[in-house]
file final33.cif (mmCIF, C-alpha atoms and all ligand atoms)
data_structure
#
loop_
_atom_site.group_PDB
_atom_site.id
_atom_site.type_symbol
_atom_site.label_atom_id
_atom_site.label_comp_id
_atom_site.auth_asym_id
_atom_site.auth_seq_id
_atom_site.Cartn_x
_atom_site.Cartn_y
_atom_site.Cartn_z
ATOM 1 C CA MET A 1 -37.111 140.555 -66.012
ATOM 2 C CA ALA A 2 -34.127 141.122 -63.703
ATOM 3 C CA LYS A 3 -31.758 140.575 -66.638
ATOM 4 C CA SER A 4 -33.540 143.022 -68.885
ATOM 5 C CA ARG A 5 -33.668 145.560 -66.063
ATOM 6 C CA ARG A 6 -29.922 145.153 -65.586
ATOM 7 C CA GLU A 7 -29.314 145.567 -69.302
ATOM 8 C CA LEU A 8 -31.505 148.654 -69.253
ATOM 9 C CA GLY A 9 -29.576 149.940 -66.226
ATOM 10 C CA VAL A 10 -26.242 149.430 -67.969
ATOM 11 C CA ALA A 11 -27.477 151.100 -71.144
ATOM 12 C CA LEU A 12 -28.959 154.014 -69.218
ATOM 13 C CA SER A 13 -25.818 154.476 -67.118
ATOM 14 C CA ASN A 14 -23.615 154.490 -70.202
ATOM 15 C CA GLN A 15 -25.862 156.856 -72.042
ATOM 16 C CA LEU A 16 -26.190 159.256 -69.133
ATOM 17 C CA LEU A 17 -22.496 159.490 -68.506
ATOM 18 C CA SER A 18 -21.316 158.768 -72.051
ATOM 19 C CA VAL A 19 -18.697 156.296 -70.891
ATOM 20 C CA ASP A 20 -18.220 152.642 -71.761
ATOM 21 C CA PHE A 21 -17.229 151.431 -68.336
ATOM 22 C CA LEU A 22 -18.677 152.046 -64.921
ATOM 23 C CA PRO A 23 -17.837 150.262 -61.691
ATOM 24 C CA ASP A 24 -20.243 147.478 -60.727
ATOM 25 C CA PHE A 25 -21.723 149.320 -57.763
ATOM 26 C CA TRP A 26 -23.080 152.059 -60.037
ATOM 27 C CA TYR A 27 -25.329 149.570 -61.837
ATOM 28 C CA ILE A 28 -26.788 148.496 -58.487
ATOM 29 C CA PHE A 29 -28.009 152.044 -57.788
ATOM 30 C CA VAL A 30 -29.491 152.310 -61.261
ATOM 31 C CA GLU A 31 -31.160 148.901 -60.851
ATOM 32 C CA ILE A 32 -32.688 149.936 -57.507
ATOM 33 C CA PHE A 33 -33.902 153.189 -59.067
ATOM 34 C CA LEU A 34 -35.463 151.306 -61.985
ATOM 35 C CA LEU A 35 -37.003 148.723 -59.665
ATOM 36 C CA ILE A 36 -38.723 151.476 -57.664
ATOM 37 C CA THR A 37 -39.797 153.552 -60.669
ATOM 38 C CA THR A 38 -41.039 150.589 -62.745
ATOM 39 C CA SER A 39 -43.076 149.304 -59.798
ATOM 40 C CA MET A 40 -44.634 152.793 -59.493
ATOM 41 C CA ILE A 41 -45.296 153.024 -63.228
ATOM 42 C CA ASP A 42 -46.953 149.585 -63.158
ATOM 43 C CA CYS A 43 -48.991 150.418 -60.044
ATOM 44 C CA THR A 44 -52.709 150.741 -60.766
ATOM 45 C CA PHE A 45 -53.354 152.928 -57.721
ATOM 46 C CA CYS A 46 -50.480 155.322 -58.572
ATOM 47 C CA SER A 47 -51.984 155.590 -62.027
ATOM 48 C CA ILE A 48 -55.428 156.367 -60.555
ATOM 49 C CA ALA A 49 -53.895 158.927 -58.166
ATOM 50 C CA ARG A 50 -52.218 160.643 -61.137
ATOM 51 C CA GLY A 51 -55.548 160.689 -62.981
ATOM 52 C CA GLU A 52 -54.214 158.433 -65.744
ATOM 53 C CA SER A 53 -56.475 155.434 -65.041
ATOM 54 C CA SER A 54 -60.184 155.743 -64.622
ATOM 55 C CA ALA A 55 -61.894 155.093 -61.319
ATOM 56 C CA GLU A 56 -65.062 156.201 -59.585
ATOM 57 C CA ILE A 57 -63.427 158.903 -57.483
ATOM 58 C CA LEU A 58 -65.482 159.930 -54.446
ATOM 59 C CA TYR A 59 -63.118 162.336 -52.739
ATOM 60 C CA GLN A 60 -59.542 163.546 -52.957
ATOM 61 C CA ASN A 61 -57.261 165.852 -51.052
ATOM 62 C CA GLU A 62 -53.565 166.703 -51.252
ATOM 63 C CA HIS A 63 -52.539 163.392 -49.699
ATOM 64 C CA ALA A 64 -55.217 160.802 -50.510
ATOM 65 C CA VAL A 65 -57.777 159.609 -53.045
ATOM 66 C CA ALA A 66 -60.967 157.663 -52.252
ATOM 67 C CA ILE A 67 -62.495 155.438 -54.942
ATOM 68 C CA LEU A 68 -65.184 152.776 -55.190
ATOM 69 C CA ASP A 69 -63.810 149.204 -55.094
ATOM 70 C CA ILE A 70 -64.649 147.515 -58.416
ATOM 71 C CA ASN A 71 -65.219 144.206 -56.565
ATOM 72 C CA PRO A 72 -67.188 145.342 -53.527
ATOM 73 C CA ILE A 73 -67.987 143.328 -50.406
ATOM 74 C CA HIS A 74 -71.166 145.435 -50.375
ATOM 75 C CA CYS A 75 -72.188 148.189 -52.816
ATOM 76 C CA GLY A 76 -70.558 151.398 -51.605
ATOM 77 C CA HIS A 77 -67.311 149.631 -50.588
ATOM 78 C CA VAL A 78 -64.580 152.319 -50.733
ATOM 79 C CA LEU A 79 -60.776 152.239 -50.995
ATOM 80 C CA VAL A 80 -58.767 155.174 -49.602
ATOM 81 C CA LEU A 81 -55.186 155.331 -50.849
ATOM 82 C CA PRO A 82 -52.285 157.698 -50.252
ATOM 83 C CA ARG A 83 -51.180 159.616 -53.370
ATOM 84 C CA GLN A 84 -47.574 158.626 -52.668
ATOM 85 C CA HIS A 85 -46.733 155.018 -53.448
ATOM 86 C CA ALA A 86 -46.252 152.954 -50.271
ATOM 87 C CA GLU A 87 -46.522 149.190 -50.250
ATOM 88 C CA THR A 88 -47.885 148.741 -46.727
ATOM 89 C CA PHE A 89 -48.968 150.945 -43.820
ATOM 90 C CA LEU A 90 -45.391 150.853 -42.517
ATOM 91 C CA GLU A 91 -44.056 152.725 -45.540
ATOM 92 C CA VAL A 92 -46.692 155.494 -45.605
ATOM 93 C CA PRO A 93 -44.724 158.703 -44.863
ATOM 94 C CA GLU A 94 -45.697 160.456 -41.629
ATOM 95 C CA THR A 95 -46.496 163.610 -43.638
ATOM 96 C CA GLU A 96 -49.273 161.714 -45.479
ATOM 97 C CA LEU A 97 -50.943 160.109 -42.473
ATOM 98 C CA GLY A 98 -53.075 163.079 -41.396
ATOM 99 C CA GLY A 99 -54.572 163.610 -44.870
ATOM 100 C CA LEU A 100 -55.101 159.885 -45.318
ATOM 101 C CA ILE A 101 -56.949 159.475 -42.019
ATOM 102 C CA ARG A 102 -58.966 162.669 -42.589
ATOM 103 C CA ALA A 103 -60.053 161.359 -46.008
ATOM 104 C CA THR A 104 -60.987 158.020 -44.427
ATOM 105 C CA GLN A 105 -63.204 159.704 -41.833
ATOM 106 C CA ILE A 106 -64.851 162.083 -44.333
ATOM 107 C CA VAL A 107 -65.728 159.232 -46.695
ATOM 108 C CA SER A 108 -66.801 156.867 -43.891
ATOM 109 C CA ARG A 109 -69.219 159.523 -42.623
ATOM 110 C CA ALA A 110 -70.586 160.057 -46.143
ATOM 111 C CA VAL A 111 -71.041 156.298 -46.684
ATOM 112 C CA VAL A 112 -72.932 155.984 -43.393
ATOM 113 C CA ASN A 113 -75.079 159.100 -43.941
ATOM 114 C CA SER A 114 -75.914 158.354 -47.596
ATOM 115 C CA LEU A 115 -76.411 154.570 -47.559
ATOM 116 C CA ASN A 116 -77.565 154.260 -43.934
ATOM 117 C CA PRO A 117 -75.967 150.897 -43.152
ATOM 118 C CA PRO A 118 -76.367 149.891 -39.493
ATOM 119 C CA GLY A 119 -72.571 149.433 -39.281
ATOM 120 C CA PHE A 120 -69.327 149.717 -41.225
ATOM 121 C CA ASN A 121 -65.807 148.299 -41.192
ATOM 122 C CA ILE A 122 -62.511 150.076 -41.790
ATOM 123 C CA PHE A 123 -59.664 147.668 -42.404
ATOM 124 C CA SER A 124 -56.461 147.150 -44.363
ATOM 125 C CA ASN A 125 -54.594 144.079 -45.559
ATOM 126 C CA ASN A 126 -50.814 144.355 -45.292
ATOM 127 C CA GLY A 127 -48.729 141.675 -46.990
ATOM 128 C CA LYS A 128 -49.771 138.699 -49.091
ATOM 129 C CA ALA A 129 -50.340 136.541 -46.000
ATOM 130 C CA ALA A 130 -52.895 139.101 -44.784
ATOM 131 C CA GLY A 131 -54.764 139.092 -48.095
ATOM 132 C CA GLN A 132 -53.215 142.165 -49.756
ATOM 133 C CA SER A 133 -53.673 141.948 -53.522
ATOM 134 C CA VAL A 134 -52.778 145.492 -54.672
ATOM 135 C CA PHE A 135 -49.404 146.435 -53.245
ATOM 136 C CA HIS A 136 -50.137 150.124 -52.815
ATOM 137 C CA PHE A 137 -51.444 150.648 -49.302
ATOM 138 C CA HIS A 138 -55.186 151.320 -48.938
ATOM 139 C CA PHE A 139 -57.875 151.403 -46.301
ATOM 140 C CA HIS A 140 -61.128 149.604 -47.059
ATOM 141 C CA ILE A 141 -64.383 151.136 -45.873
ATOM 142 C CA THR A 142 -67.364 148.870 -46.297
ATOM 143 C CA PRO A 143 -70.977 149.130 -45.187
ATOM 144 C CA ARG A 144 -72.133 146.263 -42.967
ATOM 145 C CA TYR A 145 -75.600 144.847 -42.397
ATOM 146 C CA ALA A 146 -77.036 142.582 -39.727
ATOM 147 C CA ASP A 147 -76.723 138.902 -40.669
ATOM 148 C CA ASP A 148 -74.728 139.662 -43.845
ATOM 149 C CA ASN A 149 -72.673 136.591 -42.990
ATOM 150 C CA ILE A 150 -69.309 138.268 -43.580
ATOM 151 C CA ARG A 151 -66.793 137.390 -40.904
ATOM 152 C CA PHE A 152 -63.289 136.205 -40.221
ATOM 153 C CA ILE A 153 -63.326 132.583 -39.129
ATOM 154 C CA LEU A 154 -61.662 133.150 -35.780
ATOM 155 C CA GLN A 155 -60.138 130.589 -33.487
ATOM 156 C CA LEU A 156 -59.267 132.776 -30.537
ATOM 157 C CA LYS A 157 -56.198 131.806 -28.522
ATOM 158 C CA LYS A 158 -55.395 132.162 -24.839
ATOM 159 C CA TYR A 159 -52.115 133.441 -23.418
ATOM 160 C CA SER A 160 -50.582 131.015 -20.975
ATOM 161 C CA GLY A 161 -48.683 131.948 -17.813
ATOM 162 C CA ASP A 162 -46.477 134.994 -18.349
ATOM 163 C CA GLU A 163 -46.869 134.893 -22.130
ATOM 164 C CA MET A 164 -49.045 138.018 -22.354
ATOM 165 C CA ALA A 165 -46.569 140.088 -20.348
ATOM 166 C CA ALA A 166 -43.692 138.713 -22.467
ATOM 167 C CA TYR A 167 -45.402 139.688 -25.736
ATOM 168 C CA ALA A 168 -46.204 143.135 -24.370
ATOM 169 C CA GLU A 169 -42.590 143.599 -23.280
ATOM 170 C CA ARG A 170 -41.183 142.564 -26.687
ATOM 171 C CA ILE A 171 -43.386 145.091 -28.497
ATOM 172 C CA ARG A 172 -42.862 147.846 -25.894
ATOM 173 C CA GLN A 173 -39.077 147.469 -26.085
ATOM 174 C CA LYS A 174 -39.196 147.909 -29.859
ATOM 175 C CA ILE A 175 -41.399 150.996 -29.562
ATOM 176 C CA ASN A 176 -39.093 152.481 -26.946
ATOM 177 C CA SER A 177 -35.932 151.766 -28.973
ATOM 178 C CA ASP A 178 -37.415 153.092 -32.238
ATOM 179 C CA HIS A 179 -39.136 156.149 -30.772
ATOM 180 C CA ILE A 180 -36.953 156.993 -27.809
ATOM 181 C CA HIS A 181 -36.730 160.642 -28.921
ATOM 182 C CA THR A 182 -40.461 161.090 -29.551
ATOM 183 C CA LYS A 183 -41.750 159.765 -26.226
ATOM 184 C CA PRO A 184 -44.127 162.225 -24.540
HETATM 185 ZN ZN ZN B 1 -48.631 152.848 -56.260
#
call {"tool": "encode", "arguments": {"input": "final33.cif", "output": "structure tokens", "more": "lines below"}}
Ligand SMILES: [Zn+2]
result
Amino acid sequence: MAKSRRELGVALSNQLLSVDFLPDFWYIFVEIFLLITTSMIDCTFCSIARGESSAEILYQNEHAVAILDINPIHCGHVLVLPRQHAETFLEVPETELGGLIRATQIVSRAVVNSLNPPGFNIFSNNGKAAGQSVFHFHFHITPRYADDNIRFILQLKKYSGDEMAAYAERIRQKINSDHIHTKP
């Protein structure tokens, strides 16, 4: 796959510029471009957002699309995805967040008011270790019912000594260094 992509990159570079030789670094840019574009072309959710793959679309706005999950936890289980390809929550552009969250609230309210479940979950899996299976970020909204026996198997831990303060400090320092100019 990597080899064929490289060959494609070399061929494309040569064709675009009509020269037989290009410095090595040029191919790297073309390879990165192809890697990004091929992953977007292959992405099921990008295809749904473009209207090229079928899905049971419930709602869409400029930034997000909400569809029914084809393998629901409960009937009425919804996925809300940004139109722009982003692998995890961390890559979702700030400009898309408002529309994405608005769509999530609109659809959550509709799920609750139409199906009348006594509760609902909103969650997202980010990374393979967290159970992500489609690598285009999405929120899940699922109805929940009393005694439906769906739960994480949790073994809750306890912080010892100063550990809690140390964890808080590590995270706070990162927030302060990354967002020093946007602090209130
Ligand atoms: Zn995608």
call {"tool": "resolve_selection", "arguments": {"input": "final33.cif", "expression": "the PyMOL selection byres (((not hetatm)) within 8 of (chain B and resi 1))", "output": "PyMOL selection string"}}
result
chain A and resi 39-47+83-87+135-137
call {"tool": "resolve_selection", "arguments": {"input": "final33.cif", "expression": "the PyMOL selection byres (((chain A and resi 139-144) around 8) and not hetatm)", "output": "PyMOL selection string"}}
result
chain A and resi 73-81+104+108+111-112+117-124+137-138+145-146+148
call {"tool": "atom_distance", "arguments": {"input": "final33.cif", "atom1": "atom CA of Ser160 of chain A", "atom2": "atom CA of Lys174 of chain A"}}
result
22.2 Å
call {"tool": "resolve_selection", "arguments": {"input": "final33.cif", "expression": "the PyMOL selection byres (((chain A and resi 99) around 8) and not hetatm)", "output": "JSON, numbers by chain"}}
result
{"A": [61, 62, 63, 64, 96, 97, 98, 100, 101, 102, 103]}
call {"tool": "write_last_selection", "arguments": {"input": "final33.cif", "atoms": "C-alpha atoms", "output": "PDB file, keeping the file's coordinate frame"}}
result
ATOM      1  CA  ASN A  61     -57.261 165.852 -51.052  1.00  0.00           C
ATOM      2  CA  GLU A  62     -53.565 166.703 -51.252  1.00  0.00           C
ATOM      3  CA  HIS A  63     -52.539 163.392 -49.699  1.00  0.00           C
ATOM      4  CA  ALA A  64     -55.217 160.802 -50.510  1.00  0.00           C
ATOM      5  CA  GLU A  96     -49.273 161.714 -45.479  1.00  0.00           C
ATOM      6  CA  LEU A  97     -50.943 160.109 -42.473  1.00  0.00           C
ATOM      7  CA  GLY A  98     -53.075 163.079 -41.396  1.00  0.00           C
ATOM      8  CA  LEU A 100     -55.101 159.885 -45.318  1.00  0.00           C
ATOM      9  CA  ILE A 101     -56.949 159.475 -42.019  1.00  0.00           C
ATOM     10  CA  ARG A 102     -58.966 162.669 -42.589  1.00  0.00           C
ATOM     11  CA  ALA A 103     -60.053 161.359 -46.008  1.00  0.00           C
TER      12      ALA A 103
END
call {"tool": "atom_distance", "arguments": {"input": "final33.cif", "atom1": "atom CA of Arg109 of chain A", "atom2": "atom CA of Leu154 of chain A"}}
result
28.3 Å
call {"tool": "decode", "arguments": {"input": "final33.cif", "residues": "segment 42-88 of chain A", "atoms": "N, CA and C atoms", "output": "short mmCIF file (atom, residue, chain, number, x, y, z; two decimals), in the first residue's frame"}}
result
data_model
loop_
_atom_site.label_atom_id
_atom_site.label_comp_id
_atom_site.auth_asym_id
_atom_site.auth_seq_id
_atom_site.Cartn_x
_atom_site.Cartn_y
_atom_site.Cartn_z
N ASP A 42 -11.86 7.02 1.39
CA ASP A 42 -12.26 5.72 1.89
C ASP A 42 -13.20 5.82 3.09
N CYS A 43 -13.38 7.03 3.64
CA CYS A 43 -14.09 7.17 4.91
C CYS A 43 -15.61 7.10 4.68
N THR A 44 -16.23 6.13 5.32
CA THR A 44 -17.68 5.94 5.18
C THR A 44 -18.46 7.18 5.61
N PHE A 45 -18.04 7.79 6.72
CA PHE A 45 -18.80 8.93 7.24
C PHE A 45 -18.64 10.16 6.36
N CYS A 46 -17.44 10.35 5.76
CA CYS A 46 -17.26 11.45 4.80
C CYS A 46 -18.19 11.24 3.63
N SER A 47 -18.28 9.99 3.19
CA SER A 47 -19.13 9.65 2.05
C SER A 47 -20.61 9.91 2.37
N ILE A 48 -21.01 9.58 3.59
CA ILE A 48 -22.40 9.87 4.02
C ILE A 48 -22.62 11.39 4.09
N ALA A 49 -21.64 12.10 4.63
CA ALA A 49 -21.77 13.57 4.76
C ALA A 49 -21.87 14.23 3.39
N ARG A 50 -21.21 13.64 2.39
CA ARG A 50 -21.28 14.20 1.03
C ARG A 50 -22.54 13.75 0.30
N GLY A 51 -23.30 12.85 0.92
CA GLY A 51 -24.53 12.35 0.30
C GLY A 51 -24.28 11.26 -0.72
N GLU A 52 -23.07 10.67 -0.68
CA GLU A 52 -22.72 9.65 -1.68
C GLU A 52 -23.00 8.23 -1.19
N SER A 53 -23.09 8.05 0.14
CA SER A 53 -23.48 6.74 0.69
C SER A 53 -24.80 6.92 1.40
N SER A 54 -25.60 5.87 1.36
CA SER A 54 -26.92 6.02 1.97
C SER A 54 -26.85 5.83 3.48
N ALA A 55 -27.72 6.53 4.15
CA ALA A 55 -27.84 6.42 5.61
C ALA A 55 -29.20 6.97 5.97
N GLU A 56 -29.68 6.58 7.14
CA GLU A 56 -30.96 7.12 7.61
C GLU A 56 -30.66 8.45 8.29
N ILE A 57 -30.69 9.51 7.50
CA ILE A 57 -30.33 10.84 8.02
C ILE A 57 -31.52 11.42 8.80
N LEU A 58 -31.23 11.86 10.03
CA LEU A 58 -32.27 12.41 10.89
C LEU A 58 -32.26 13.93 10.87
N TYR A 59 -31.05 14.48 10.75
CA TYR A 59 -30.90 15.94 10.86
C TYR A 59 -29.55 16.31 10.26
N GLN A 60 -29.48 17.47 9.63
CA GLN A 60 -28.17 17.98 9.22
C GLN A 60 -28.17 19.49 9.24
N ASN A 61 -27.01 20.04 9.54
CA ASN A 61 -26.82 21.49 9.42
C ASN A 61 -25.50 21.70 8.69
N GLU A 62 -25.03 22.93 8.67
CA GLU A 62 -23.83 23.28 7.91
C GLU A 62 -22.60 22.49 8.37
N HIS A 63 -22.60 22.11 9.64
CA HIS A 63 -21.39 21.53 10.23
C HIS A 63 -21.50 20.06 10.58
N ALA A 64 -22.71 19.51 10.68
CA ALA A 64 -22.86 18.16 11.22
C ALA A 64 -24.02 17.42 10.57
N VAL A 65 -23.93 16.09 10.64
CA VAL A 65 -24.99 15.21 10.12
C VAL A 65 -25.31 14.19 11.21
N ALA A 66 -26.60 13.94 11.44
CA ALA A 66 -27.01 12.93 12.43
C ALA A 66 -27.71 11.79 11.70
N ILE A 67 -27.24 10.57 11.97
CA ILE A 67 -27.80 9.38 11.30
C ILE A 67 -28.13 8.31 12.33
N LEU A 68 -28.95 7.35 11.94
CA LEU A 68 -29.19 6.20 12.81
C LEU A 68 -28.01 5.24 12.70
N ASP A 69 -27.54 4.72 13.83
CA ASP A 69 -26.49 3.69 13.85
C ASP A 69 -27.09 2.40 13.29
N ILE A 70 -26.38 1.75 12.37
CA ILE A 70 -26.94 0.52 11.76
C ILE A 70 -26.83 -0.67 12.72
N ASN A 71 -26.01 -0.54 13.77
CA ASN A 71 -25.91 -1.59 14.79
C ASN A 71 -26.21 -0.97 16.15
N PRO A 72 -27.48 -0.71 16.42
CA PRO A 72 -27.81 0.10 17.61
C PRO A 72 -27.68 -0.66 18.93
N ILE A 73 -27.30 0.08 19.96
CA ILE A 73 -27.37 -0.43 21.34
C ILE A 73 -28.84 -0.61 21.70
N HIS A 74 -29.64 0.40 21.39
CA HIS A 74 -31.10 0.34 21.47
C HIS A 74 -31.62 0.97 20.18
N CYS A 75 -32.82 0.58 19.74
CA CYS A 75 -33.42 1.22 18.56
C CYS A 75 -33.52 2.72 18.82
N GLY A 76 -33.12 3.51 17.81
CA GLY A 76 -33.10 4.96 17.99
C GLY A 76 -31.71 5.48 18.37
N HIS A 77 -30.72 4.59 18.37
CA HIS A 77 -29.32 4.97 18.65
C HIS A 77 -28.80 5.81 17.47
N VAL A 78 -28.33 7.02 17.79
CA VAL A 78 -27.95 8.01 16.76
C VAL A 78 -26.44 8.26 16.79
N LEU A 79 -25.88 8.55 15.62
CA LEU A 79 -24.50 9.03 15.51
C LEU A 79 -24.53 10.45 14.95
N VAL A 80 -23.80 11.36 15.59
CA VAL A 80 -23.70 12.74 15.10
C VAL A 80 -22.26 12.99 14.70
N LEU A 81 -22.03 13.31 13.43
CA LEU A 81 -20.66 13.45 12.94
C LEU A 81 -20.43 14.81 12.31
N PRO A 82 -19.21 15.35 12.47
CA PRO A 82 -18.91 16.61 11.79
C PRO A 82 -18.79 16.36 10.28
N ARG A 83 -19.19 17.32 9.46
CA ARG A 83 -19.04 17.16 8.00
C ARG A 83 -17.57 17.05 7.62
N GLN A 84 -16.73 17.82 8.31
CA GLN A 84 -15.29 17.79 8.00
C GLN A 84 -14.66 16.55 8.62
N HIS A 85 -13.81 15.88 7.89
CA HIS A 85 -13.16 14.69 8.41
C HIS A 85 -12.23 15.06 9.57
N ALA A 86 -12.40 14.39 10.71
CA ALA A 86 -11.52 14.54 11.86
C ALA A 86 -11.51 13.19 12.55
N GLU A 87 -10.31 12.69 12.84
CA GLU A 87 -10.24 11.32 13.36
C GLU A 87 -10.81 11.22 14.77
N THR A 88 -10.39 12.12 15.65
CA THR A 88 -10.90 12.10 17.02
C THR A 88 -11.40 13.50 17.39
#
